[in-house]
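Listing of target-v2.txt, compact mmCIF, N, CA and C atoms
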```
# COMPACT_ATOMS: atom_id res chain seq x y z
N MET A 278 214.63 214.77 -46.19
CA MET A 278 214.57 213.47 -46.84
C MET A 278 215.95 212.80 -46.87
N LEU A 279 216.96 213.54 -47.34
CA LEU A 279 218.31 213.00 -47.42
C LEU A 279 218.83 212.66 -46.02
N PHE A 280 218.52 213.53 -45.06
CA PHE A 280 218.95 213.27 -43.69
C PHE A 280 218.36 211.97 -43.17
N GLY A 281 217.10 211.73 -43.46
CA GLY A 281 216.44 210.49 -43.03
C GLY A 281 217.07 209.26 -43.65
N ILE A 282 217.43 209.35 -44.92
CA ILE A 282 218.10 208.23 -45.61
C ILE A 282 219.46 207.97 -44.99
N LEU A 283 220.21 209.05 -44.75
CA LEU A 283 221.54 208.91 -44.14
C LEU A 283 221.44 208.34 -42.73
N LEU A 284 220.46 208.82 -41.98
CA LEU A 284 220.27 208.32 -40.62
C LEU A 284 219.89 206.84 -40.63
N GLY A 285 219.02 206.45 -41.56
CA GLY A 285 218.64 205.05 -41.69
C GLY A 285 219.82 204.17 -42.08
N ALA A 286 220.64 204.64 -43.01
CA ALA A 286 221.84 203.89 -43.43
C ALA A 286 222.81 203.75 -42.27
N PHE A 287 222.96 204.82 -41.49
CA PHE A 287 223.85 204.77 -40.33
C PHE A 287 223.34 203.76 -39.31
N ALA A 288 222.04 203.77 -39.06
CA ALA A 288 221.45 202.84 -38.09
C ALA A 288 221.64 201.39 -38.54
N ILE A 289 221.46 201.14 -39.83
CA ILE A 289 221.67 199.78 -40.35
C ILE A 289 223.13 199.39 -40.19
N GLY A 290 224.05 200.30 -40.48
CA GLY A 290 225.48 200.02 -40.31
C GLY A 290 225.83 199.69 -38.87
N VAL A 291 225.25 200.43 -37.95
CA VAL A 291 225.50 200.17 -36.52
C VAL A 291 224.96 198.80 -36.13
N MET A 292 223.78 198.46 -36.63
CA MET A 292 223.20 197.15 -36.31
C MET A 292 224.04 196.01 -36.87
N ILE A 293 224.52 196.16 -38.09
CA ILE A 293 225.35 195.12 -38.70
C ILE A 293 226.67 194.99 -37.95
N SER A 294 227.30 196.12 -37.65
CA SER A 294 228.56 196.08 -36.90
C SER A 294 228.35 195.46 -35.52
N GLY A 295 227.23 195.81 -34.88
CA GLY A 295 226.93 195.24 -33.57
C GLY A 295 226.74 193.73 -33.64
N SER A 296 226.10 193.28 -34.72
CA SER A 296 225.91 191.83 -34.90
C SER A 296 227.23 191.12 -35.06
N PHE A 297 228.12 191.70 -35.88
CA PHE A 297 229.44 191.10 -36.06
C PHE A 297 230.24 191.11 -34.75
N PHE A 298 230.13 192.20 -34.00
CA PHE A 298 230.82 192.28 -32.72
C PHE A 298 230.31 191.18 -31.78
N PHE A 299 228.98 191.03 -31.71
CA PHE A 299 228.38 190.00 -30.86
C PHE A 299 228.86 188.61 -31.26
N LEU A 300 228.84 188.30 -32.57
CA LEU A 300 229.30 186.98 -33.03
C LEU A 300 230.78 186.78 -32.72
N GLY A 301 231.58 187.83 -32.88
CA GLY A 301 233.00 187.74 -32.56
C GLY A 301 233.20 187.40 -31.09
N GLN A 302 232.44 188.05 -30.23
CA GLN A 302 232.53 187.77 -28.80
C GLN A 302 232.07 186.35 -28.49
N LYS A 303 231.00 185.93 -29.14
CA LYS A 303 230.46 184.58 -28.93
C LYS A 303 231.49 183.53 -29.33
N SER A 304 232.24 183.78 -30.41
CA SER A 304 233.20 182.80 -30.90
C SER A 304 234.38 182.62 -29.95
N GLN A 305 234.56 183.55 -29.04
CA GLN A 305 235.69 183.45 -28.12
C GLN A 305 235.44 182.44 -27.00
N ASN A 306 234.22 181.95 -26.91
CA ASN A 306 233.89 180.89 -25.95
C ASN A 306 233.89 179.56 -26.68
N GLY A 307 234.41 178.57 -26.05
CA GLY A 307 234.41 177.25 -26.65
C GLY A 307 235.82 176.73 -26.86
N ALA A 308 235.90 175.64 -27.58
CA ALA A 308 237.19 174.99 -27.83
C ALA A 308 237.07 174.17 -29.10
N ALA A 309 238.20 173.74 -29.59
CA ALA A 309 238.22 172.85 -30.76
C ALA A 309 237.48 171.56 -30.43
N PRO A 310 236.86 170.93 -31.41
CA PRO A 310 236.12 169.70 -31.13
C PRO A 310 237.00 168.53 -30.70
N GLY A 311 238.28 168.57 -31.06
CA GLY A 311 239.17 167.47 -30.68
C GLY A 311 238.94 166.24 -31.55
N LEU A 312 239.50 165.14 -31.12
CA LEU A 312 239.37 163.90 -31.87
C LEU A 312 238.02 163.24 -31.60
N VAL A 313 237.42 162.71 -32.65
CA VAL A 313 236.16 161.99 -32.56
C VAL A 313 236.41 160.60 -33.12
N ASP A 314 236.36 159.61 -32.27
CA ASP A 314 236.66 158.23 -32.68
C ASP A 314 238.06 158.13 -33.29
N GLY A 315 238.99 158.88 -32.74
CA GLY A 315 240.39 158.80 -33.15
C GLY A 315 240.77 159.63 -34.36
N VAL A 316 239.83 160.38 -34.94
CA VAL A 316 240.13 161.24 -36.10
C VAL A 316 239.61 162.64 -35.85
N LEU A 317 240.02 163.59 -36.68
CA LEU A 317 239.52 164.95 -36.56
C LEU A 317 238.04 164.98 -36.93
N ALA A 318 237.30 165.84 -36.27
CA ALA A 318 235.85 165.93 -36.46
C ALA A 318 235.50 166.29 -37.91
N PRO A 319 234.38 165.81 -38.39
CA PRO A 319 233.91 166.21 -39.71
C PRO A 319 233.55 167.70 -39.72
N CYS A 320 233.54 168.28 -40.89
CA CYS A 320 233.10 169.67 -41.04
C CYS A 320 231.58 169.73 -41.01
N PRO A 321 231.03 170.85 -40.55
CA PRO A 321 229.58 171.03 -40.68
C PRO A 321 229.25 171.27 -42.16
N SER A 322 228.00 171.43 -42.48
CA SER A 322 227.61 171.65 -43.88
C SER A 322 228.02 173.03 -44.39
N SER A 323 228.28 173.97 -43.50
CA SER A 323 228.67 175.32 -43.92
C SER A 323 230.06 175.31 -44.57
N PRO A 324 230.33 176.29 -45.44
CA PRO A 324 231.60 176.30 -46.16
C PRO A 324 232.78 176.91 -45.39
N ASN A 325 232.68 177.05 -44.08
CA ASN A 325 233.74 177.70 -43.31
C ASN A 325 234.65 176.71 -42.59
N CYS A 326 234.94 175.59 -43.25
CA CYS A 326 235.73 174.53 -42.64
C CYS A 326 236.41 173.71 -43.73
N VAL A 327 237.63 173.26 -43.44
CA VAL A 327 238.32 172.30 -44.30
C VAL A 327 238.91 171.21 -43.41
N VAL A 328 239.02 169.99 -43.97
CA VAL A 328 239.57 168.87 -43.21
C VAL A 328 240.20 167.88 -44.18
N SER A 329 241.27 167.24 -43.75
CA SER A 329 241.98 166.30 -44.63
C SER A 329 241.65 164.84 -44.35
N GLU A 330 240.81 164.56 -43.38
CA GLU A 330 240.48 163.17 -43.05
C GLU A 330 239.69 162.53 -44.19
N ALA A 331 239.68 161.19 -44.22
CA ALA A 331 239.01 160.44 -45.29
C ALA A 331 237.52 160.72 -45.37
N HIS A 332 236.89 161.13 -44.27
CA HIS A 332 235.45 161.38 -44.26
C HIS A 332 235.05 162.69 -44.93
N ALA A 333 236.00 163.51 -45.33
CA ALA A 333 235.68 164.82 -45.90
C ALA A 333 235.02 164.70 -47.27
N ASP A 334 234.01 165.53 -47.49
CA ASP A 334 233.40 165.59 -48.83
C ASP A 334 234.24 166.53 -49.70
N ASP A 335 233.92 166.59 -50.98
CA ASP A 335 234.73 167.38 -51.92
C ASP A 335 234.77 168.86 -51.56
N LYS A 336 233.69 169.40 -51.03
CA LYS A 336 233.61 170.82 -50.70
C LYS A 336 234.56 171.19 -49.55
N HIS A 337 234.77 170.26 -48.63
CA HIS A 337 235.57 170.54 -47.43
C HIS A 337 236.97 169.92 -47.46
N ARG A 338 237.25 169.09 -48.43
CA ARG A 338 238.51 168.33 -48.47
C ARG A 338 239.72 169.24 -48.73
N ILE A 339 240.79 168.94 -48.02
CA ILE A 339 242.08 169.57 -48.23
C ILE A 339 243.13 168.49 -48.04
N ASP A 340 244.27 168.63 -48.69
CA ASP A 340 245.32 167.62 -48.57
C ASP A 340 245.95 167.64 -47.18
N PRO A 341 246.33 166.47 -46.68
CA PRO A 341 247.06 166.42 -45.40
C PRO A 341 248.46 167.01 -45.57
N LEU A 342 249.11 167.24 -44.46
CA LEU A 342 250.49 167.73 -44.45
C LEU A 342 251.43 166.54 -44.43
N PRO A 343 252.67 166.73 -44.87
CA PRO A 343 253.62 165.62 -44.78
C PRO A 343 253.98 165.32 -43.33
N SER A 344 254.31 164.08 -43.05
CA SER A 344 254.64 163.68 -41.67
C SER A 344 255.86 164.44 -41.14
N THR A 345 256.72 164.89 -42.02
CA THR A 345 257.92 165.63 -41.60
C THR A 345 257.59 167.00 -41.02
N ALA A 346 256.35 167.46 -41.19
CA ALA A 346 255.96 168.78 -40.70
C ALA A 346 255.64 168.80 -39.20
N TRP A 347 255.40 167.63 -38.61
CA TRP A 347 254.87 167.56 -37.24
C TRP A 347 255.63 168.41 -36.24
N GLU A 348 256.93 168.26 -36.18
CA GLU A 348 257.73 168.97 -35.17
C GLU A 348 257.73 170.48 -35.37
N LYS A 349 257.49 170.94 -36.60
CA LYS A 349 257.54 172.37 -36.90
C LYS A 349 256.19 173.07 -36.74
N ILE A 350 255.13 172.31 -36.54
CA ILE A 350 253.79 172.91 -36.51
C ILE A 350 253.63 173.97 -35.41
N PRO A 351 254.01 173.72 -34.16
CA PRO A 351 253.81 174.77 -33.14
C PRO A 351 254.49 176.10 -33.50
N GLY A 352 255.70 176.04 -34.01
CA GLY A 352 256.40 177.26 -34.39
C GLY A 352 255.75 177.96 -35.57
N ALA A 353 255.28 177.18 -36.54
CA ALA A 353 254.62 177.76 -37.71
C ALA A 353 253.30 178.42 -37.33
N VAL A 354 252.56 177.80 -36.42
CA VAL A 354 251.29 178.36 -35.95
C VAL A 354 251.55 179.69 -35.26
N THR A 355 252.51 179.72 -34.36
CA THR A 355 252.83 180.94 -33.63
C THR A 355 253.31 182.04 -34.57
N ALA A 356 254.17 181.68 -35.52
CA ALA A 356 254.68 182.66 -36.48
C ALA A 356 253.57 183.23 -37.35
N ALA A 357 252.51 182.45 -37.58
CA ALA A 357 251.39 182.90 -38.39
C ALA A 357 250.35 183.69 -37.58
N GLY A 358 250.61 183.87 -36.29
CA GLY A 358 249.69 184.65 -35.46
C GLY A 358 248.71 183.84 -34.65
N GLY A 359 248.88 182.52 -34.63
CA GLY A 359 248.00 181.66 -33.85
C GLY A 359 248.54 181.39 -32.47
N GLU A 360 247.72 180.75 -31.67
CA GLU A 360 248.10 180.37 -30.31
C GLU A 360 247.84 178.88 -30.13
N VAL A 361 248.89 178.13 -29.82
CA VAL A 361 248.74 176.70 -29.56
C VAL A 361 248.02 176.54 -28.23
N THR A 362 246.94 175.77 -28.23
CA THR A 362 246.14 175.59 -27.02
C THR A 362 246.27 174.20 -26.42
N GLN A 363 246.71 173.23 -27.21
CA GLN A 363 246.93 171.87 -26.72
C GLN A 363 248.01 171.23 -27.57
N LEU A 364 248.92 170.54 -26.92
CA LEU A 364 250.04 169.90 -27.61
C LEU A 364 250.29 168.55 -26.96
N ASP A 365 249.96 167.48 -27.70
CA ASP A 365 250.17 166.12 -27.25
C ASP A 365 251.08 165.40 -28.24
N ASP A 366 251.36 164.14 -27.98
CA ASP A 366 252.21 163.36 -28.89
C ASP A 366 251.60 163.21 -30.28
N ALA A 367 250.28 163.18 -30.38
CA ALA A 367 249.64 162.93 -31.67
C ALA A 367 248.53 163.93 -32.01
N TYR A 368 248.40 165.01 -31.22
CA TYR A 368 247.33 165.99 -31.46
C TYR A 368 247.80 167.38 -31.05
N ILE A 369 247.52 168.35 -31.92
CA ILE A 369 247.80 169.75 -31.62
C ILE A 369 246.55 170.55 -31.97
N SER A 370 246.16 171.46 -31.09
CA SER A 370 245.09 172.39 -31.43
C SER A 370 245.61 173.81 -31.23
N ALA A 371 245.05 174.71 -32.02
CA ALA A 371 245.44 176.11 -31.96
C ALA A 371 244.25 176.98 -32.31
N THR A 372 244.33 178.25 -31.94
CA THR A 372 243.30 179.20 -32.31
C THR A 372 243.93 180.37 -33.07
N PHE A 373 243.15 180.93 -33.95
CA PHE A 373 243.49 182.15 -34.67
C PHE A 373 242.31 183.09 -34.50
N ALA A 374 242.56 184.37 -34.22
CA ALA A 374 241.49 185.35 -34.07
C ALA A 374 241.62 186.44 -35.12
N SER A 375 240.49 186.81 -35.71
CA SER A 375 240.51 187.89 -36.71
C SER A 375 240.77 189.22 -36.02
N LYS A 376 241.39 190.13 -36.72
CA LYS A 376 241.75 191.42 -36.13
C LYS A 376 240.54 192.32 -35.93
N THR A 377 239.60 192.30 -36.83
CA THR A 377 238.51 193.26 -36.78
C THR A 377 237.51 192.98 -35.66
N PHE A 378 236.89 191.83 -35.66
CA PHE A 378 235.85 191.54 -34.67
C PHE A 378 236.24 190.44 -33.70
N GLY A 379 237.43 189.88 -33.83
CA GLY A 379 237.90 188.85 -32.91
C GLY A 379 237.30 187.48 -33.13
N PHE A 380 236.81 187.19 -34.37
CA PHE A 380 236.29 185.86 -34.66
C PHE A 380 237.37 184.82 -34.44
N VAL A 381 237.05 183.75 -33.74
CA VAL A 381 238.02 182.70 -33.43
C VAL A 381 237.78 181.49 -34.35
N ASP A 382 238.87 181.03 -34.94
CA ASP A 382 238.88 179.80 -35.73
C ASP A 382 239.76 178.79 -35.01
N ASP A 383 239.37 177.53 -35.08
CA ASP A 383 240.16 176.45 -34.50
C ASP A 383 240.91 175.73 -35.61
N VAL A 384 242.19 175.45 -35.38
CA VAL A 384 243.00 174.66 -36.30
C VAL A 384 243.52 173.48 -35.50
N GLU A 385 243.33 172.28 -36.04
CA GLU A 385 243.73 171.07 -35.35
C GLU A 385 244.59 170.20 -36.26
N PHE A 386 245.51 169.47 -35.65
CA PHE A 386 246.41 168.59 -36.38
C PHE A 386 246.42 167.23 -35.69
N ARG A 387 246.38 166.16 -36.48
CA ARG A 387 246.45 164.80 -35.94
C ARG A 387 247.58 164.07 -36.65
N LYS A 388 248.50 163.56 -35.85
CA LYS A 388 249.63 162.81 -36.40
C LYS A 388 249.18 161.40 -36.75
N ALA A 389 249.32 161.05 -38.02
CA ALA A 389 249.03 159.70 -38.49
C ALA A 389 250.35 159.06 -38.88
N GLU A 390 250.32 157.82 -39.33
CA GLU A 390 251.56 157.12 -39.66
C GLU A 390 252.36 157.80 -40.77
N ALA A 391 251.69 158.14 -41.86
CA ALA A 391 252.41 158.64 -43.04
C ALA A 391 252.15 160.11 -43.34
N GLU A 392 251.32 160.78 -42.52
CA GLU A 392 250.96 162.17 -42.81
C GLU A 392 250.41 162.83 -41.55
N VAL A 393 250.15 164.12 -41.67
CA VAL A 393 249.54 164.87 -40.58
C VAL A 393 248.21 165.40 -41.10
N HIS A 394 247.12 164.97 -40.47
CA HIS A 394 245.80 165.45 -40.87
C HIS A 394 245.56 166.81 -40.22
N VAL A 395 244.79 167.63 -40.92
CA VAL A 395 244.54 168.99 -40.46
C VAL A 395 243.07 169.32 -40.63
N ARG A 396 242.56 170.13 -39.70
CA ARG A 396 241.19 170.65 -39.76
C ARG A 396 241.25 172.11 -39.33
N SER A 397 240.63 172.98 -40.11
CA SER A 397 240.55 174.40 -39.76
C SER A 397 239.11 174.84 -39.95
N ALA A 398 238.51 175.42 -38.91
CA ALA A 398 237.09 175.75 -38.96
C ALA A 398 236.78 176.99 -38.12
N SER A 399 235.81 177.74 -38.61
CA SER A 399 235.28 178.87 -37.86
C SER A 399 234.35 178.36 -36.77
N ARG A 400 234.36 179.02 -35.63
CA ARG A 400 233.46 178.61 -34.54
C ARG A 400 232.04 179.11 -34.76
N VAL A 401 231.87 180.24 -35.41
CA VAL A 401 230.54 180.80 -35.65
C VAL A 401 230.44 181.26 -37.10
N GLY A 402 229.23 181.53 -37.50
CA GLY A 402 229.00 182.07 -38.83
C GLY A 402 228.82 180.99 -39.88
N TYR A 403 228.69 181.42 -41.10
CA TYR A 403 228.46 180.50 -42.21
C TYR A 403 229.64 180.50 -43.17
N SER A 404 229.89 181.63 -43.79
CA SER A 404 230.99 181.70 -44.76
C SER A 404 232.21 182.36 -44.13
N ASP A 405 233.38 181.90 -44.53
CA ASP A 405 234.61 182.51 -44.05
C ASP A 405 235.40 183.14 -45.19
N ARG A 406 234.80 183.16 -46.40
CA ARG A 406 235.43 183.71 -47.59
C ARG A 406 236.76 183.03 -47.90
N GLY A 407 236.85 181.74 -47.57
CA GLY A 407 238.04 180.97 -47.89
C GLY A 407 239.20 181.13 -46.93
N VAL A 408 238.97 181.78 -45.80
CA VAL A 408 240.05 182.05 -44.83
C VAL A 408 240.67 180.76 -44.29
N ASN A 409 239.86 179.78 -43.92
CA ASN A 409 240.40 178.56 -43.33
C ASN A 409 241.24 177.77 -44.34
N ARG A 410 240.77 177.67 -45.57
CA ARG A 410 241.55 176.98 -46.61
C ARG A 410 242.87 177.72 -46.85
N ALA A 411 242.80 179.05 -46.96
CA ALA A 411 244.01 179.85 -47.19
C ALA A 411 244.99 179.71 -46.02
N ARG A 412 244.46 179.64 -44.80
CA ARG A 412 245.33 179.50 -43.63
C ARG A 412 246.09 178.18 -43.67
N VAL A 413 245.40 177.09 -44.00
CA VAL A 413 246.07 175.80 -44.07
C VAL A 413 247.13 175.80 -45.18
N GLU A 414 246.82 176.41 -46.30
CA GLU A 414 247.79 176.46 -47.39
C GLU A 414 248.99 177.33 -47.03
N ALA A 415 248.77 178.42 -46.30
CA ALA A 415 249.89 179.25 -45.82
C ALA A 415 250.75 178.50 -44.82
N LEU A 416 250.11 177.73 -43.93
CA LEU A 416 250.88 176.91 -42.98
C LEU A 416 251.66 175.82 -43.75
N ARG A 417 251.03 175.24 -44.75
CA ARG A 417 251.72 174.22 -45.56
C ARG A 417 252.99 174.80 -46.19
N ALA A 418 252.87 176.01 -46.74
CA ALA A 418 254.02 176.65 -47.38
C ALA A 418 255.11 176.96 -46.34
N ALA A 419 254.70 177.46 -45.17
CA ALA A 419 255.67 177.77 -44.12
C ALA A 419 256.37 176.52 -43.60
N LEU A 420 255.65 175.44 -43.52
CA LEU A 420 256.22 174.17 -43.02
C LEU A 420 257.16 173.53 -44.06
N ALA A 421 257.00 173.88 -45.30
CA ALA A 421 257.85 173.33 -46.36
C ALA A 421 259.21 174.02 -46.43
N GLU A 422 259.32 175.15 -45.80
CA GLU A 422 260.59 175.93 -45.84
C GLU A 422 261.66 175.30 -45.01
```

Can I see the file as structure tokens?
Amino acid sequence: MLFGILLGAFAIGVMISGSFFFLGQKSQNGAAPGLVDGVLAPCPSSPNCVVSEAHADDKHRIDPLPSTAWEKIPGAVTAAGGEVTQLDDAYISATFASKTFGFVDDVEFRKAEAEVHVRSASRVGYSDRGVNRARVEALRAALAE
């Protein structure tokens, strides 16, 4: 009886780990949404995204970065473990991958006149346990130094 319970628990664990592995692999395909009508894309309804653009609802809203941060963003992203994937005069995109299953999150920055708008979102899944919000706040702190 105990062996059957343990075997069942092990099988469930393998299935859950396999699902996370599959989603992690799936997230490695794709790219950041980029600019949509000149601004960063809105967040989906899921809680795994934050954005500083005016269209953000209260659940997804985060403060923009100061305009003085623009030149330091690529270095701060790299220092935080991210990889810059696009760098233009007014747009930067980067990716961050989780260590365990390789989940990829996209972080984007748009240079505006008085500030830098930011969007950080998971490519797959529903909840990120606040990882994207924490990442933007960590980048904000690093850029303030």

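In this structure, CA of Asp383 in chain A sits 22.0 Å away from CA of Thr345 in chain A.
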
> When you draw a straight line from CA of Asp405 in chain A to CA of Cys320 in chain A, how long is it in Å?
Replying inline: 13.3 Å

> Which residues, written as an MDAnalysis selection string, have at least one atom at most 8 Å from range 414-422 of chain A, with only N, CA and C atoms counted and residues fewer than 5 positions away on the same chain left out?
Replying inline: chainID A and resid 341:343 345:347 349:350 353:354 357 408:409

Report as a PDB file with N, CA and C atoms, in the coordinates of the input all protein, DNA and RNA residues lying within 7 Å of Lys336 in chain A, evaluated on only N, CA and C atoms, omitting residues in the same chain fewer than 5 positions from it.
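Once everything was written out, this is selection05.pdb:
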```
ATOM      1  N   PRO A 324     230.330 176.290 -45.440  1.00  0.00           N
ATOM      2  CA  PRO A 324     231.600 176.300 -46.160  1.00  0.00           C
ATOM      3  C   PRO A 324     232.780 176.910 -45.390  1.00  0.00           C
ATOM      4  N   CYS A 326     234.940 175.590 -43.250  1.00  0.00           N
ATOM      5  CA  CYS A 326     235.730 174.530 -42.640  1.00  0.00           C
ATOM      6  C   CYS A 326     236.410 173.710 -43.730  1.00  0.00           C
ATOM      7  N   VAL A 327     237.630 173.260 -43.440  1.00  0.00           N
ATOM      8  CA  VAL A 327     238.320 172.300 -44.300  1.00  0.00           C
ATOM      9  C   VAL A 327     238.910 171.210 -43.410  1.00  0.00           C
TER      10      VAL A 327
END
```

>> Report as a list in words all protein, DNA and RNA residues lying within 8 Å of Gly407 in chain A, evaluated on only N, CA and C atoms, omitting residues in the same chain fewer than 3 positions from it.
In response: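 My list of contacting residues is Pro324, Asn325, Cys326, Ser404, Arg410, Ala411, Arg412 and Val413 of chain A.
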
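In this structure, CA of Thr377 in chain A sits 18.7 Å away from atom C of Thr355 in chain A.
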
>> I need the helix (DSSP H, G or I) residues of range 341-383 of chain A per DSSP on the backbone, written as number ranges by chain.
In response: A: 344-356

>> With only N, CA and C atoms as the counted atoms, please give the residues lying no more than 8 Å from range 361-368 of chain A, apart from itself and same-chain residues fewer than 5 positions off, as an MDAnalysis selection string.
In response: chainID A and resid 312 351 354:355 373 385:389

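Within range 380-422 of chain A, DSSP applied to the backbone places the following residues in strand (DSSP E): Val381, Asp382, Asp383, Val384, Glu385, Phe386, Arg387, Lys388, Glu392, Val393, His394, Val395, Arg396, Ser397, Ala398 and Ser399 of chain A.
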
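Among the candidates A:Pro321, A:Ser329, A:Ala309, A:Arg406, the one nearest to His394 in chain A when counting only C-alpha atoms is A:Ser329.
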
>> Quick one: residues within 9 Å of Gly311 in chain A, only C-alpha atoms, excluding same-chain residues fewer than 5 positions away - as a VMD selection string?
In response: chain A and resid 316 to 318 368 to 370 385
